[in-house]
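In what follows, a single structure is set out as structure tokens and then discussed.
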Amino acid sequence: MTQSRAFVSGATASAVPAASPRAVSAGGDRTGCPWHDVKAKLREVGLRPTRQRLALGWILFAKGDRHVTAEMLYEEANRAKVPVSLATVYNTLHQFTEVGLLRQVAVDGSKAYFDTNNSEHHHFFIEDQNDLMDIPSSDVVVGKAPLPPEGYEIARIDVVVRLRRKRK
Ligand SMILES: [Zn+2]
């Protein structure tokens with residue numbers, strides 16, 4: 001059995017509607033050098049390229065599309081000998097999300113996953129492995145969206161389809 005739950009994560013986050021992912025990917029200042037590209041990425045969205053943001057951005061974005069938690073990124077930073085605290089990692093992930101460089105994926109209350117792929121798509125969540133897999137947005141049709149409360153608009157609808165192994 002597969003359970004499916006839809007999260008309307010934008011309904012409460014209308015404070016940051018301007019950060020459209022399209023505005024981020026529109027810049028043409030990329031060179032293929034990850035370090036330089038991260039610097040350009042940060043400049044495009046108006047974030048000062050501090051040493052910590054550059055280092056964390058480089059670790060985050062140099063490996064292609066992926067889903068990370070703050071703890072995972074913190075561990076990778078440690079292994080790469082980047083001196084940051086877990087709090088800084090949290091702050092940086094949220095700053096990157098606010099400007100549209102990352103997307104937060106709501107899986108459950110205990111863990112926030114951040115997605116380096118900021119294009120429109122949905123997710124499988126494999127429950128016993130705590131692992132996320134992308135679903136192309138064309139594979140999911142959302143039939144009926146709820147009416148947002150007065151004063152809010154739906155920023156986007158994320159679908160998380162929770163998976164578990166079939167019982168034999
Ligand atoms: Zn994803």
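Letters A, B, ... mark the chains of the structure tokens in the order given; residue numbers begin at 1 per chain; ligand numbers begin at 1, in order shown.
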
* **Close residues to ligand 1 using only C-alpha atoms and all ligand atoms, limit 6 Å, as number ranges by chain** => A: 115, 117, 134

Expected file contents, prior selection, C-alpha atoms, as a PDB file, in the first residue's frame:
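See result26.pdb below for the written result:
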ATOM      1  CA  ASP A 115      16.586  20.162  -2.287  1.00  0.00           C
ATOM      2  CA  ASN A 117      16.905  21.031  -7.468  1.00  0.00           C
ATOM      3  CA  ASP A 134      12.367  12.835  -7.250  1.00  0.00           C
TER       4      ASP A 134
END

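Using only C-alpha atoms, the residues found no farther than 10 Å from A:Leu86, other than those of its own chain fewer than 6 positions away, are Ala70, Glu71, Leu73, Tyr74, Glu75, Ala77 and Thr92 of chain A.
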
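Of the listed residues (A:Leu93, A:Cys33, A:Ala87, A:Leu163), A:Leu163 comes nearest to A:Asp128; the distances count only C-alpha atoms.
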
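Atom CA of A:Gly64 sits 20.2 Å away from atom CA of A:Pro49.
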
* **Who sits within 12 Å of A:Arg53, only C-alpha atoms, same chain under 6 positions skipped, as an MDAnalysis selection string** => chainID A and resid 35 38:43 47 59:61 77 82:84 88:96

Would you put the residues from that selection into a file with C-alpha atoms, as a compact mmCIF listing (two decimals), in the first residue's frame?
# COMPACT_ATOMS: atom_id res chain seq x y z
CA TRP A 35 33.60 27.88 -6.63
CA VAL A 38 28.57 29.56 -6.26
CA LYS A 39 29.87 33.09 -5.95
CA ALA A 40 27.86 34.13 -9.02
CA LYS A 41 24.78 32.29 -7.73
CA LEU A 42 24.96 34.16 -4.41
CA ARG A 43 25.46 37.51 -6.14
CA LEU A 47 23.43 37.32 -0.80
CA ILE A 59 29.62 21.50 -0.82
CA LEU A 60 25.88 21.68 -1.52
CA PHE A 61 25.82 22.41 -5.22
CA ALA A 77 31.47 20.33 6.04
CA VAL A 82 35.16 23.67 6.86
CA PRO A 83 34.86 25.15 10.35
CA VAL A 84 31.13 25.82 10.81
CA THR A 88 25.37 28.28 10.96
CA VAL A 89 24.51 25.39 8.68
CA TYR A 90 20.82 25.74 9.64
CA ASN A 91 20.86 29.50 9.09
CA THR A 92 22.60 29.20 5.76
CA LEU A 93 20.18 26.54 4.51
CA HIS A 94 17.23 28.74 5.45
CA GLN A 95 18.80 31.82 3.84
CA PHE A 96 19.44 29.85 0.63

* Find the residues near A:Glu120: any atom within 12 Å, counting only C-alpha atoms, skip ones fewer than 5 places away on the same chain, and give them as a ChimeraX atom specification. => /A:20-22,102-103,105,115,134-140,155-159

Please produce a file of the residues just selected, as a compact mmCIF listing (two decimals), in the first residue's frame, where the atoms kept are C-alpha atoms.
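Final output, saved to part-v7.txt:
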# COMPACT_ATOMS: atom_id res chain seq x y z
CA SER A 20 10.92 32.64 -7.74
CA PRO A 21 13.33 29.87 -8.80
CA ARG A 22 13.23 31.18 -12.34
CA LEU A 102 17.06 25.60 -2.37
CA ARG A 103 13.63 24.17 -1.81
CA VAL A 105 10.76 19.47 1.33
CA ASP A 115 16.59 20.16 -2.29
CA ASP A 134 12.37 12.83 -7.25
CA ILE A 135 9.09 12.42 -9.12
CA PRO A 136 8.78 14.52 -12.29
CA SER A 137 6.02 17.08 -11.86
CA SER A 138 4.26 15.72 -14.96
CA ASP A 139 3.74 12.37 -13.17
CA VAL A 140 1.49 13.88 -10.51
CA ALA A 155 2.74 29.39 -3.49
CA ARG A 156 3.09 25.80 -4.62
CA ILE A 157 1.88 22.31 -3.83
CA ASP A 158 4.41 19.65 -2.87
CA VAL A 159 3.32 16.06 -3.07

* To do: Return the single residue from A:Glu44, A:Arg164, A:Ile154, A:Val107 that is closest to A:Glu127, with distances computed using only C-alpha atoms.
  => A:Arg164

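Nearest to A:Val141 of all the residues A:Lys166, A:His121, A:Val68, A:Gln129 is A:His121, based on only C-alpha atoms.
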
* Could you pull out all residues of stretch 89-154 of chain A with a DSSP call of alpha helix (DSSP H) and give them as an MDAnalysis selection string? -> chainID A and resid 89:98
